[in-house]
file data23.cif (mmCIF, C-alpha atoms)
data_model
#
loop_
_atom_site.label_atom_id
_atom_site.label_comp_id
_atom_site.auth_asym_id
_atom_site.auth_seq_id
_atom_site.Cartn_x
_atom_site.Cartn_y
_atom_site.Cartn_z
CA MET Z 1 77.95 123.28 85.98
CA GLY Z 2 75.80 126.17 84.76
CA SER Z 3 72.20 127.19 85.19
CA VAL Z 4 69.48 124.57 85.54
CA VAL Z 5 66.61 124.34 83.06
CA ARG Z 6 63.67 122.41 84.48
CA LEU Z 7 61.10 120.86 82.19
CA ASP Z 8 57.77 121.27 83.97
CA ASN Z 9 54.12 121.50 82.90
CA ALA Z 10 54.81 124.76 81.10
CA VAL Z 11 56.97 122.97 78.54
CA CYS Z 12 55.24 122.19 75.26
CA ASN Z 13 54.18 118.64 74.39
CA VAL Z 14 57.02 118.12 71.94
CA GLU Z 15 59.61 118.92 74.58
CA LYS Z 16 57.96 116.75 77.22
CA ARG Z 17 57.70 113.81 74.84
CA SER Z 18 61.25 114.06 73.58
CA LEU Z 19 63.14 114.44 76.83
CA LEU Z 20 63.30 111.24 78.82
CA TRP Z 21 64.45 112.89 82.03
CA ASN Z 22 63.11 115.90 83.89
CA THR Z 23 66.23 117.91 84.61
CA ILE Z 24 68.76 119.42 82.22
CA TYR Z 25 71.88 121.25 83.26
CA ALA Z 26 72.39 123.78 80.49
CA SER Z 27 75.80 125.31 79.97
CA PRO Z 28 78.48 125.58 77.30
CA GLN Z 29 80.11 122.55 78.93
CA CYS Z 30 77.51 119.82 79.17
CA ILE Z 31 74.01 118.56 79.69
CA LEU Z 32 73.48 115.82 82.25
CA SER Z 33 70.35 113.78 82.74
CA GLN Z 34 68.77 113.27 86.14
CA GLY Z 35 70.35 110.28 87.84
CA SER Z 36 72.77 109.62 85.00
CA SER Z 37 75.79 111.11 83.29
CA TYR Z 38 74.38 110.29 79.88
CA CYS Z 39 71.56 112.22 78.23
CA PHE Z 40 69.51 110.32 75.65
CA HIS Z 41 68.27 112.59 72.83
CA GLU Z 42 65.65 111.93 70.22
CA ARG Z 43 65.49 114.03 67.09
CA GLU Z 44 62.96 116.52 68.44
CA THR Z 45 65.03 116.99 71.57
CA PHE Z 46 68.06 117.68 69.42
CA ALA Z 47 66.09 120.38 67.58
CA TRP Z 48 65.09 121.81 70.97
CA LEU Z 49 68.75 122.09 71.96
CA CYS Z 50 69.71 123.73 68.66
CA ALA Z 51 66.91 126.29 68.93
CA ARG Z 52 68.20 127.37 72.36
CA ASN Z 53 71.93 127.16 71.58
CA LEU Z 54 72.47 124.56 74.32
CA SER Z 55 75.31 122.07 74.31
CA ALA Z 56 75.30 118.44 75.39
CA SER Z 57 78.02 116.14 76.66
CA GLY Z 58 76.16 113.05 75.42
CA LEU Z 59 74.16 112.65 72.21
CA TYR Z 60 72.15 109.85 70.61
CA PHE Z 61 71.56 109.84 66.85
CA THR Z 62 69.09 107.69 64.90
CA TRP Z 63 69.10 109.70 61.67
CA ASP Z 64 71.64 110.59 59.01
CA VAL Z 65 73.63 113.81 59.04
CA ASP Z 66 71.70 116.89 57.92
CA GLU Z 67 72.45 120.62 57.90
CA THR Z 68 71.20 121.11 61.46
CA VAL Z 69 73.56 118.42 62.70
CA ARG Z 70 76.49 119.99 60.85
CA GLN Z 71 75.80 123.39 62.36
CA TYR Z 72 75.47 121.91 65.83
CA PHE Z 73 78.83 120.14 65.57
CA GLN Z 74 80.47 123.33 64.35
CA SER Z 75 79.10 125.28 67.32
CA PHE Z 76 79.27 122.76 70.16
CA GLY Z 77 81.51 119.93 68.97
CA ALA Z 78 84.13 120.68 71.60
CA SER Z 79 81.63 120.02 74.41
CA ILE Z 80 80.62 116.54 73.18
CA LYS Z 81 82.30 113.76 75.16
CA LYS Z 82 80.20 110.72 74.25
CA ILE Z 83 78.03 109.86 71.31
CA GLU Z 84 75.87 106.88 70.39
CA PHE Z 85 74.49 105.81 67.01
CA HIS Z 86 71.65 103.56 66.02
CA ASN Z 87 70.75 102.56 62.46
CA CYS Z 88 72.29 105.56 60.72
CA ASP Z 89 75.23 106.30 58.41
CA VAL Z 90 78.01 106.61 60.96
CA VAL Z 91 80.80 107.51 58.53
CA ALA Z 92 79.36 110.98 57.92
CA TYR Z 93 79.16 111.51 61.70
CA LEU Z 94 82.72 110.30 62.17
CA SER Z 95 83.87 112.94 59.72
CA LEU Z 96 82.16 115.63 61.83
CA ILE Z 97 83.62 114.18 65.03
CA CYS Z 98 87.08 114.20 63.50
CA MET Z 99 86.75 117.88 62.56
CA HIS Z 100 84.95 119.32 65.59
CA CYS Z 101 84.94 116.97 68.60
CA SER Z 102 88.39 117.30 70.12
CA ASN Z 103 87.22 116.05 73.54
CA ILE Z 104 85.31 112.94 72.45
CA VAL Z 105 86.10 109.94 74.68
CA CYS Z 106 83.17 107.52 74.18
CA VAL Z 107 81.59 106.23 70.97
CA SER Z 108 78.95 103.53 70.59
CA PHE Z 109 78.15 101.72 67.35
CA ALA Z 110 75.97 99.20 69.22
CA ASP Z 111 73.63 97.37 66.82
CA VAL Z 112 74.56 99.67 63.92
CA LYS Z 113 73.58 97.80 60.75
CA TYR Z 114 75.59 99.94 58.36
CA PRO Z 115 79.04 98.47 57.68
CA ILE Z 116 81.94 100.41 59.17
CA SER Z 117 84.48 100.89 56.41
CA GLU Z 118 88.24 101.19 56.82
CA GLY Z 119 87.93 104.81 55.68
CA GLY Z 120 85.45 105.48 58.45
CA LEU Z 121 87.68 103.89 61.06
CA GLU Z 122 90.50 106.23 60.13
CA LEU Z 123 88.30 109.07 61.40
CA LEU Z 124 88.10 107.68 64.93
CA SER Z 125 89.82 109.80 67.52
CA ARG Z 126 93.15 108.49 68.76
CA ASN Z 127 92.16 109.78 72.21
CA LEU Z 128 89.11 107.53 72.41
CA LYS Z 129 88.74 105.82 75.80
CA ALA Z 130 85.50 103.84 75.42
CA LEU Z 131 84.15 102.03 72.37
CA ASP Z 132 81.00 99.91 72.09
CA LEU Z 133 80.87 97.59 69.07
CA SER Z 134 78.26 95.21 70.45
CA GLY Z 135 75.87 93.71 67.92
CA THR Z 136 77.80 94.96 64.90
CA SER Z 137 79.27 92.95 62.03
CA ILE Z 138 82.94 93.68 62.64
CA THR Z 139 85.62 91.05 62.02
CA ASP Z 140 89.03 90.37 63.53
CA GLU Z 141 90.61 92.47 60.78
CA ILE Z 142 88.41 95.49 61.53
CA LEU Z 143 88.96 95.09 65.27
CA GLU Z 144 92.72 95.12 64.75
CA LEU Z 145 92.50 98.31 62.70
CA ILE Z 146 90.41 99.95 65.43
CA THR Z 147 92.66 98.94 68.32
CA LYS Z 148 95.78 100.09 66.47
CA ARG Z 149 94.11 103.37 65.59
CA CYS Z 150 92.84 103.95 69.14
CA PRO Z 151 95.44 102.47 71.53
CA ARG Z 152 94.20 104.50 74.50
CA ILE Z 153 90.90 102.64 74.79
CA THR Z 154 90.29 101.55 78.37
CA HIS Z 155 86.68 100.29 77.96
CA LEU Z 156 85.70 98.00 75.07
CA SER Z 157 82.51 96.06 74.30
CA VAL Z 158 82.48 93.40 71.58
CA SER Z 159 79.44 91.51 72.82
CA GLY Z 160 76.60 90.13 70.75
CA PHE Z 161 77.43 87.41 68.21
CA LEU Z 162 80.06 89.30 66.23
CA SER Z 163 82.12 87.79 63.43
CA ILE Z 164 85.21 87.60 65.59
CA SER Z 165 87.32 84.60 66.58
CA ASP Z 166 89.57 83.63 69.47
CA ASP Z 167 92.30 85.71 67.83
CA CYS Z 168 90.58 88.81 69.21
CA GLY Z 169 92.30 87.95 72.51
CA ARG Z 170 95.68 88.59 70.89
CA ILE Z 171 94.40 91.70 69.11
CA VAL Z 172 92.95 93.29 72.24
CA GLY Z 173 95.78 92.25 74.54
CA SER Z 174 98.56 93.41 72.22
CA ASN Z 175 97.12 96.74 71.09
CA LEU Z 176 95.22 98.04 74.12
CA ARG Z 177 97.88 98.51 76.77
CA HIS Z 178 95.53 100.36 79.14
CA LEU Z 179 92.42 98.16 78.86
CA GLN Z 180 90.46 98.06 82.12
CA TRP Z 181 86.93 96.99 81.13
CA LEU Z 182 86.06 94.29 78.56
CA ASP Z 183 82.69 92.90 77.48
CA ILE Z 184 82.72 89.70 75.36
CA ALA Z 185 79.25 88.47 76.37
CA ASN Z 186 76.90 86.61 74.04
CA ASN Z 187 79.65 85.25 71.77
CA ASP Z 188 79.20 81.49 71.54
CA ASP Z 189 82.04 81.10 69.02
CA LEU Z 190 84.65 82.28 71.52
CA THR Z 191 86.44 79.60 73.55
CA ASP Z 192 88.91 79.43 76.41
CA ALA Z 193 91.68 79.93 73.85
CA MET Z 194 90.56 83.56 73.56
CA LEU Z 195 91.04 84.18 77.29
CA ILE Z 196 94.36 82.30 77.34
CA THR Z 197 95.63 84.36 74.39
CA LEU Z 198 94.42 87.53 76.06
CA ALA Z 199 96.32 86.57 79.21
CA GLU Z 200 99.51 85.93 77.19
CA HIS Z 201 99.40 89.34 75.50
CA SER Z 202 97.72 91.37 78.24
CA HIS Z 203 99.49 94.16 80.09
CA ALA Z 204 97.68 93.13 83.31
CA THR Z 205 95.55 96.28 83.48
CA LEU Z 206 92.15 94.54 83.18
CA LYS Z 207 89.82 95.26 86.13
CA SER Z 208 86.39 94.19 84.86
CA LEU Z 209 85.32 91.30 82.59
CA HIS Z 210 81.83 90.57 81.24
CA MET Z 211 81.59 87.06 79.77
CA GLU Z 212 77.94 86.15 80.26
CA TYR Z 213 76.42 83.59 77.88
CA THR Z 214 79.70 82.48 76.31
CA GLU Z 215 78.81 78.82 75.99
CA GLY Z 216 82.15 77.87 74.45
CA MET Z 217 84.12 78.97 77.51
CA TYR Z 218 84.96 76.97 80.62
CA GLY Z 219 86.78 77.71 83.81
CA PHE Z 220 90.39 76.98 82.87
CA GLY Z 221 90.64 79.92 80.44
CA LEU Z 222 89.33 82.25 83.11
CA MET Z 223 91.84 80.90 85.63
CA GLU Z 224 94.75 81.69 83.31
CA LEU Z 225 93.47 85.22 82.78
CA ILE Z 226 93.02 85.86 86.50
CA LYS Z 227 96.55 84.66 87.22
CA LYS Z 228 97.94 87.25 84.80
CA CYS Z 229 95.47 90.09 85.44
CA THR Z 230 95.88 90.44 89.18
CA LYS Z 231 93.92 93.73 89.19
CA LEU Z 232 90.72 91.99 88.05
CA SER Z 233 88.09 92.87 90.66
CA SER Z 234 84.79 92.70 88.75
CA LEU Z 235 83.54 89.53 87.03
CA PHE Z 236 80.25 88.77 85.22
CA ILE Z 237 79.78 85.15 84.16
CA THR Z 238 77.13 82.59 83.25
CA TYR Z 239 77.61 79.24 84.88
CA HIS Z 240 76.90 76.20 82.71
CA GLU Z 241 77.67 72.52 83.00
CA ASP Z 242 81.30 71.78 83.95
CA PHE Z 243 82.24 75.48 84.06
CA PHE Z 244 83.64 75.28 87.59
CA GLU Z 245 84.90 71.70 87.39
CA ASN Z 246 88.42 71.68 88.88
CA PHE Z 247 88.21 75.45 89.28
CA ASP Z 248 90.52 77.09 91.83
CA PHE Z 249 88.14 79.37 93.73
CA SER Z 250 90.99 80.88 95.70
CA LEU Z 251 91.85 82.85 92.54
CA LEU Z 252 88.68 84.88 93.11
CA CYS Z 253 89.92 86.26 96.42
CA ASN Z 254 90.45 89.79 95.05
CA LEU Z 255 86.98 90.18 93.54
CA THR Z 256 84.86 93.03 94.88
CA GLU Z 257 82.04 92.53 92.35
CA LEU Z 258 80.64 89.22 91.11
CA SER Z 259 77.64 88.38 88.97
CA ILE Z 260 76.63 84.77 88.27
CA CYS Z 261 73.75 83.71 86.06
CA HIS Z 262 73.09 80.06 86.84
CA GLN Z 263 71.83 77.72 84.11
CA ASN Z 264 72.26 74.34 85.75
CA GLU Z 265 70.28 72.39 88.32
CA THR Z 266 73.22 71.73 90.61
CA GLU Z 267 74.65 74.55 92.64
CA GLU Z 268 77.17 72.98 94.99
CA TYR Z 269 79.89 75.38 93.78
CA LEU Z 270 77.94 78.33 95.20
CA HIS Z 271 79.00 77.38 98.72
CA SER Z 272 82.58 78.28 97.71
CA ILE Z 273 81.70 81.91 96.91
CA PRO Z 274 81.38 83.21 100.51
CA LYS Z 275 84.28 80.97 101.53
CA TYR Z 276 86.83 82.43 99.10
CA CYS Z 277 85.40 85.77 97.86
CA LYS Z 278 85.62 87.54 101.21
CA ARG Z 279 86.20 90.99 99.67
CA LEU Z 280 82.90 91.03 97.74
CA GLN Z 281 81.04 94.33 97.93
CA ARG Z 282 78.52 93.71 95.12
CA PHE Z 283 77.05 90.26 94.45
CA ARG Z 284 74.42 89.32 91.88
CA LEU Z 285 73.05 85.79 91.81
CA TYR Z 286 70.48 84.80 89.22
CA CYS Z 287 69.04 81.34 89.97
CA ASP Z 288 65.43 80.33 89.45
CA PHE Z 289 65.64 77.52 91.96
CA LEU Z 290 67.16 79.11 95.05
CA CYS Z 291 63.77 78.79 96.69
CA ASP Z 292 64.02 74.97 96.57
CA ARG Z 293 64.54 73.34 99.92
CA LYS Z 294 67.19 70.76 99.09
CA SER Z 295 69.77 69.71 101.62
CA ASN Z 296 72.63 70.96 99.46
CA CYS Z 297 70.84 74.14 98.38
CA PHE Z 298 72.60 77.46 98.67
CA HIS Z 299 70.77 79.98 100.85
CA LEU Z 300 71.29 83.69 101.38
CA LYS Z 301 71.84 83.07 105.06
CA GLU Z 302 75.34 81.89 104.13
CA LEU Z 303 76.24 85.49 103.24
CA THR Z 304 76.90 86.44 106.85
CA ARG Z 305 78.91 89.40 108.17
CA LYS Z 306 81.65 86.99 109.18
CA ARG Z 307 81.97 85.53 105.69
CA LEU Z 308 81.37 88.66 103.61
CA PRO Z 309 82.03 91.62 105.91
CA ASP Z 310 82.32 94.17 103.07
CA LEU Z 311 79.10 93.25 101.23
CA LYS Z 312 77.19 96.42 100.33
CA VAL Z 313 74.87 95.45 97.46
CA LEU Z 314 73.08 92.18 96.77
CA ALA Z 315 71.03 91.46 93.65
CA PRO Z 316 69.27 88.12 94.22
CA PHE Z 317 67.03 87.01 91.34
CA GLY Z 318 64.86 83.93 91.73
CA VAL Z 319 64.95 84.00 95.54
CA SER Z 320 61.82 83.28 97.58
CA LYS Z 321 60.25 86.18 99.47
CA LYS Z 322 60.68 84.30 102.72
CA GLU Z 323 64.40 83.84 102.25
CA LEU Z 324 64.82 87.43 101.14
CA ALA Z 325 62.98 88.66 104.24
CA HIS Z 326 65.22 86.53 106.44
CA PHE Z 327 68.33 87.96 104.78
CA ARG Z 328 67.10 91.51 105.41
CA LEU Z 329 66.97 90.65 109.12
CA ILE Z 330 70.50 89.27 109.35
CA ARG Z 331 72.08 91.86 106.99
CA PRO Z 332 69.96 95.05 107.22
CA GLU Z 333 72.92 97.18 106.12
CA VAL Z 334 73.10 95.50 102.68
CA GLU Z 335 71.25 97.23 99.84
CA ILE Z 336 68.94 94.89 97.91
CA VAL Z 337 68.78 95.56 94.16
CA LEU Z 338 66.05 93.88 92.16
CA THR Z 339 66.71 95.36 88.70
CA HIS Z 340 69.50 94.52 86.26
CA ILE Z 341 69.94 98.17 85.27
CA GLU Z 342 70.96 99.33 88.74
CA PHE Z 343 73.48 96.55 89.18
CA ASP Z 344 74.93 96.50 85.69
CA PRO Z 345 75.02 100.07 84.33
CA CYS Z 346 75.45 100.77 80.64
CA LEU Z 347 78.94 101.61 79.47
CA PHE Z 348 77.73 105.06 78.46
CA ASN Z 349 76.20 105.74 81.86
CA MET Z 350 79.64 105.68 83.40
CA LYS Z 351 81.22 108.95 84.41
CA TRP Z 352 83.86 110.25 82.05
#
call {"tool": "encode", "arguments": {"input": "data23.cif", "output": "structure tokens"}}
result
Amino acid sequence: MGSVVRLDNAVCNVEKRSLLWNTIYASPQCILSQGSSYCFHERETFAWLCARNLSASGLYFTWDVDETVRQYFQSFGASIKKIEFHNCDVVAYLSLICMHCSNIVCVSFADVKYPISEGGLELLSRNLKALDLSGTSITDEILELITKRCPRITHLSVSGFLSISDDCGRIVGSNLRHLQWLDIANNDDLTDAMLITLAEHSHATLKSLHMEYTEGMYGFGLMELIKKCTKLSSLFITYHEDFFENFDFSLLCNLTELSICHQNETEEYLHSIPKYCKRLQRFRLYCDFLCDRKSNCFHLKELTRKRLPDLKVLAPFGVSKKELAHFRLIRPEVEIVLTHIEFDPCLFNMKW
């Protein structure tokens, strides 16, 4: 991994302010942040790296390409594996990536306001494995160009009110034969037709699906996708009225990770989770009314060792302190997570 450079009180104010973590592993191969595989760099931190001839596996850019950036890519481009942009001209960066970053596997355009032209897309690496387009202004046409250009993508995020339609199910399913992780959250214009089309064209490699806050989707589209994608083991959904009406819960039997954000006052369906999802290892339940004492109310005490023997992590939001304390007594071996970040890591925090 290389020698370790520790940022302590001897480091100047600029360096302490710029670096968001305390430990840097400095080597020609990579720089890793403490507790994460992704190092978040501000501009001053980037200058600090350049001054010391240090490379980084992950970089974050909020400014346009300048001479310092060009020199850095020429010297250390081969060590960069993941890169994230925010509010900058990405086409100039893509040109540098194309020329110098032969090992790039992850790129994020999340919330980039600059339009991504067809010319810029042609610079994307064909070896790309992860791509984050959340919050951008891409269309179905642009998405098709990207997926044809980068067919090896295994992790894709198109969340955040994009200008895409249900046809993106066909685009993604047809072009990404190795897709394992898909995020379509926060897209109200998408309907069950998107999931059905994805199932029809999918190569059954999908393992994780994020579809939180997709108000136009109901349970039957998800059922069709699960029937085709038998490897699906991680599911993130938002329950709304009629979502689980006539839903076959037995289809969820292979899930090891489940996250449900509940938006409705009735919760009778929750009793089916421990009954059918017996392989769950990670379970997040976000309900503001779990502390209510109704006769049909779901309680954490239902998550017993007998029902969920493999449960390792529980993230209960909106649960009363009393009920949480009782659960700790009956399942002391289960880790309780009370932050979204720990349960739902960023795509770029994954190990590559």
call {"tool": "resolve_selection", "arguments": {"input": "data23.cif", "expression": "the PyMOL selection byres ((chain Z and resi 82-88) around 8)", "output": "count of residues only"}}
result
24
call {"tool": "resolve_selection", "arguments": {"input": "data23.cif", "expression": "the PyMOL selection byres ((chain Z and resi 234) around 8)", "output": "list in words"}}
result
Lys207, Ser208, Leu209, Leu232, Ser233, Leu235, Phe236, Leu255, Thr256, Glu257 and Leu258 of chain Z
call {"tool": "write_last_selection", "arguments": {"input": "data23.cif", "atoms": "C-alpha atoms", "output": "JSON list (two decimals), in the frame of the given file"}}
result
[["chain", "number", "residue", "atom", "x", "y", "z"],
["Z", 207, "LYS", "CA", 89.82, 95.26, 86.13],
["Z", 208, "SER", "CA", 86.39, 94.19, 84.86],
["Z", 209, "LEU", "CA", 85.32, 91.30, 82.59],
["Z", 232, "LEU", "CA", 90.72, 91.99, 88.05],
["Z", 233, "SER", "CA", 88.09, 92.87, 90.66],
["Z", 235, "LEU", "CA", 83.54, 89.53, 87.03],
["Z", 236, "PHE", "CA", 80.25, 88.77, 85.22],
["Z", 255, "LEU", "CA", 86.98, 90.18, 93.54],
["Z", 256, "THR", "CA", 84.86, 93.03, 94.88],
["Z", 257, "GLU", "CA", 82.04, 92.53, 92.35],
["Z", 258, "LEU", "CA", 80.64, 89.22, 91.11]]
call {"tool": "residues_around", "arguments": {"input": "data23.cif", "residues": "Cys150 (chain Z)", "least_positions_apart": "6", "cutoff": "8 Å", "atoms": "all atoms listed in the file", "output": "MDAnalysis selection string"}}
result
chainID Z and resid 124:128
call {"tool": "atom_distance", "arguments": {"input": "data23.cif", "atom1": "CA of Lys227 (chain Z)", "atom2": "CA of Gln281 (chain Z)"}}
result
21.2 Å
call {"tool": "resolve_selection", "arguments": {"input": "data23.cif", "expression": "the PyMOL selection byres ((chain Z and resi 160) around 7)", "output": "list of chain:residue names"}}
result
Z:Ser134, Z:Gly135, Z:Val158, Z:Ser159, Z:Phe161, Z:Leu162, Z:Ala185, Z:Asn186, Z:Asn187
call {"tool": "write_last_selection", "arguments": {"input": "data23.cif", "atoms": "C-alpha atoms", "output": "short mmCIF file (atom, residue, chain, number, x, y, z; two decimals), keeping the file's coordinate frame"}}
result
data_model
loop_
_atom_site.label_atom_id
_atom_site.label_comp_id
_atom_site.auth_asym_id
_atom_site.auth_seq_id
_atom_site.Cartn_x
_atom_site.Cartn_y
_atom_site.Cartn_z
CA SER Z 134 78.26 95.21 70.45
CA GLY Z 135 75.87 93.71 67.92
CA VAL Z 158 82.48 93.40 71.58
CA SER Z 159 79.44 91.51 72.82
CA PHE Z 161 77.43 87.41 68.21
CA LEU Z 162 80.06 89.30 66.23
CA ALA Z 185 79.25 88.47 76.37
CA ASN Z 186 76.90 86.61 74.04
CA ASN Z 187 79.65 85.25 71.77
#
call {"tool": "residues_around", "arguments": {"input": "data23.cif", "residues": "Glu224 (chain Z)", "least_positions_apart": "6", "cutoff": "8 Å", "atoms": "only C-alpha atoms", "output": "compact mmCIF listing (two decimals) with C-alpha atoms, in the frame of the given file"}}
result
# COMPACT_ATOMS: atom_id res chain seq x y z
CA LEU Z 195 91.04 84.18 77.29
CA ILE Z 196 94.36 82.30 77.34
CA ALA Z 199 96.32 86.57 79.21
call {"tool": "atom_distance", "arguments": {"input": "data23.cif", "atom1": "CA of Glu144 (chain Z)", "atom2": "CA of Ser95 (chain Z)"}}
result
20.5 Å
call {"tool": "atom_distance", "arguments": {"input": "data23.cif", "atom1": "CA of Ser320 (chain Z)", "atom2": "CA of Thr339 (chain Z)"}}
result
15.8 Å
call {"tool": "residues_around", "arguments": {"input": "data23.cif", "residues": "Leu225 (chain Z)", "least_positions_apart": "3", "cutoff": "12 Å", "atoms": "only C-alpha atoms", "output": "ChimeraX atom specification"}}
result
/Z:169,173,192-209,219-222,228-232,235,251-252
call {"tool": "residues_around", "arguments": {"input": "data23.cif", "residues": "Asp189 (chain Z)", "least_positions_apart": "6", "cutoff": "10 Å", "atoms": "only C-alpha atoms", "output": "PDB file with C-alpha atoms, keeping the file's coordinate frame"}}
result
ATOM      1  CA  PHE Z 161      77.430  87.410  68.210  1.00  0.00           C
ATOM      2  CA  LEU Z 162      80.060  89.300  66.230  1.00  0.00           C
ATOM      3  CA  SER Z 163      82.120  87.790  63.430  1.00  0.00           C
ATOM      4  CA  ILE Z 164      85.210  87.600  65.590  1.00  0.00           C
ATOM      5  CA  SER Z 165      87.320  84.600  66.580  1.00  0.00           C
ATOM      6  CA  ASP Z 166      89.570  83.630  69.470  1.00  0.00           C
ATOM      7  CA  THR Z 214      79.700  82.480  76.310  1.00  0.00           C
ATOM      8  CA  GLU Z 215      78.810  78.820  75.990  1.00  0.00           C
ATOM      9  CA  GLY Z 216      82.150  77.870  74.450  1.00  0.00           C
ATOM     10  CA  MET Z 217      84.120  78.970  77.510  1.00  0.00           C
TER      11      MET Z 217
END
call {"tool": "closest_residue", "arguments": {"input": "data23.cif", "among": "Z:Leu324, Z:Ala315, Z:Trp181, Z:Arg70", "to": "His210 (chain Z)", "atoms": "all atoms listed in the file"}}
result
Z:Trp181
call {"tool": "closest_residue", "arguments": {"input": "data23.cif", "among": "Z:Arg305, Z:Arg177, Z:His100, Z:Arg152", "to": "Arg279 (chain Z)", "atoms": "all atoms listed in the file"}}
result
Z:Arg305
call {"tool": "closest_residue", "arguments": {"input": "data23.cif", "among": "Z:Ile273, Z:Val172, Z:Val334, Z:Met223", "to": "Ile153 (chain Z)", "atoms": "all atoms listed in the file"}}
result
Z:Val172
call {"tool": "closest_residue", "arguments": {"input": "data23.cif", "among": "Z:Arg43, Z:His326, Z:Lys312, Z:His299", "to": "Leu270 (chain Z)", "atoms": "all atoms listed in the file"}}
result
Z:His299
call {"tool": "closest_residue", "arguments": {"input": "data23.cif", "among": "Z:Met99, Z:Leu300, Z:His262, Z:Leu311", "to": "Leu280 (chain Z)", "atoms": "only C-alpha atoms"}}
result
Z:Leu311
